[in-house]
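> Shown below is the structure under consideration.
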Amino acid sequence: MPNQFFLNEGIPTVRINDPLELSNFTLIDVRSEEEFFGELSHIEKARLVTLGPELEVYLQSVEKNEKIIFICRSGIRSARATRLALDTGIKNVFNMEGGMIEWNEKKFPVVSLKNESL
């Protein structure tokens, strides 16, 4: 089943059904560094840009037509990041529904922390 794009309370959102369809998107994980390398791990090729001042600086440097999916633990912080990106003028942005909790529940691949140098 392909990924589903929809509005959730006015926030562009994506329900991931096929992780292979994410290759055309920049994946931005807005969690803390501890979460990124923690129990839920992270998606390969996701870039850690923590919600707050770090994300605000990043959004100023992004091309306005860049396709971005924001990721967090459950989808709440990434929804805030998506709204912030929209307010900055970036239009092709989406919140990943359910965050890393749902990603892991669906048994999608994550980075193996055993092999990662911290």
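How things are named: the first chain in the structure tokens is A, the next is B, and so on; residues count from 1 in each chain; ligands count from 1 in the order shown.
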Please identify which residues in chain A DSSP calls helix (DSSP H, G or I) from the backbone, and express them as a tab-separated table (two decimals) with C-alpha atoms, in the first residue's frame.

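See part-v1.tsv below for the written result:
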chain	number	residue	atom	x	y	z
A	19	PRO	CA	9.35	3.23	3.62
A	20	LEU	CA	10.93	2.77	0.18
A	21	GLU	CA	8.76	5.63	-1.11
A	22	LEU	CA	10.62	8.11	1.12
A	33	GLU	CA	20.04	13.52	20.60
A	34	GLU	CA	19.35	11.08	23.46
A	35	GLU	CA	16.08	10.00	21.80
A	36	PHE	CA	17.65	9.81	18.34
A	53	PRO	CA	16.46	27.22	17.87
A	54	GLU	CA	18.38	24.54	15.93
A	55	LEU	CA	15.35	23.82	13.74
A	56	GLU	CA	14.61	27.52	13.27
A	57	VAL	CA	18.15	28.10	11.94
A	58	TYR	CA	17.88	25.05	9.68
A	59	LEU	CA	14.57	26.21	8.20
A	60	GLN	CA	16.13	29.54	7.21
A	61	SER	CA	18.69	27.66	5.08
A	76	ILE	CA	3.31	15.80	18.23
A	77	ARG	CA	6.65	17.64	18.06
A	78	SER	CA	6.97	16.86	14.37
A	79	ALA	CA	3.52	18.43	13.82
A	80	ARG	CA	4.84	21.58	15.50
A	81	ALA	CA	7.92	21.45	13.25
A	82	THR	CA	5.70	21.05	10.18
A	83	ARG	CA	3.65	24.11	11.19
A	84	LEU	CA	6.85	26.11	11.79
A	85	ALA	CA	8.17	25.14	8.35
A	86	LEU	CA	4.89	26.17	6.72
A	87	ASP	CA	5.02	29.50	8.56
A	99	GLY	CA	6.36	9.06	14.84
A	100	MET	CA	9.00	6.50	15.68
A	101	ILE	CA	6.59	4.62	17.92
A	102	GLU	CA	4.40	3.72	14.94
A	103	TRP	CA	7.44	3.19	12.68
A	104	ASN	CA	8.79	0.60	15.12
A	105	GLU	CA	5.36	-1.00	15.62
A	113	LEU	CA	22.83	1.19	17.28
A	114	LYS	CA	25.27	-1.67	17.86
A	115	ASN	CA	27.12	-0.72	14.69
> If you run DSSP over the backbone, which residues in chain A end up strand (DSSP E)? Put them as a VMD selection string.
chain A and resid 4 to 8 11 to 15 26 to 29 47 to 48 68 to 71 93 to 96
> What is the atom CA of Glu66 of chain A-atom CA of Asn24 of chain A distance in Å, reported with one decimal?
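We find that atom CA of Glu66 of chain A and atom CA of Asn24 of chain A lie 9.6 Å from each other.
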> Of the candidates A:Thr13, A:Ser23, A:Asn8, A:Ser74, which shows the shortest atom-to-atom distance to Lys45 of chain A, using only C-alpha atoms?
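Ranked by minimum distance to Lys45 of chain A, first place goes to A:Ser23.
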> Taking only C-alpha atoms into account, name the residue in A:Asn17, A:Gln4, A:Thr26, A:Asn65 that is nearest to Asn92 of chain A.
A:Asn65
> Kindly give the distance, in Å, that separates atom CA of Lys106 of chain A and atom CA of Val30 of chain A, rounded to a single decimal.
20.4 Å
> Could you work out how far atom CA of Arg31 of chain A lies from atom CA of Glu97 of chain A, giving the answer in Å with one decimal?
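Spanning atom CA of Glu97 of chain A to atom CA of Arg31 of chain A is a straight-line distance of 14.6 Å.
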> Pick the closest to Arg73 of chain A from A:Met96, A:Val110, A:Glu44, A:Leu27: which is it, counting only C-alpha atoms?
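Using only C-alpha atoms, the shortest distance to Arg73 of chain A belongs to A:Met96.
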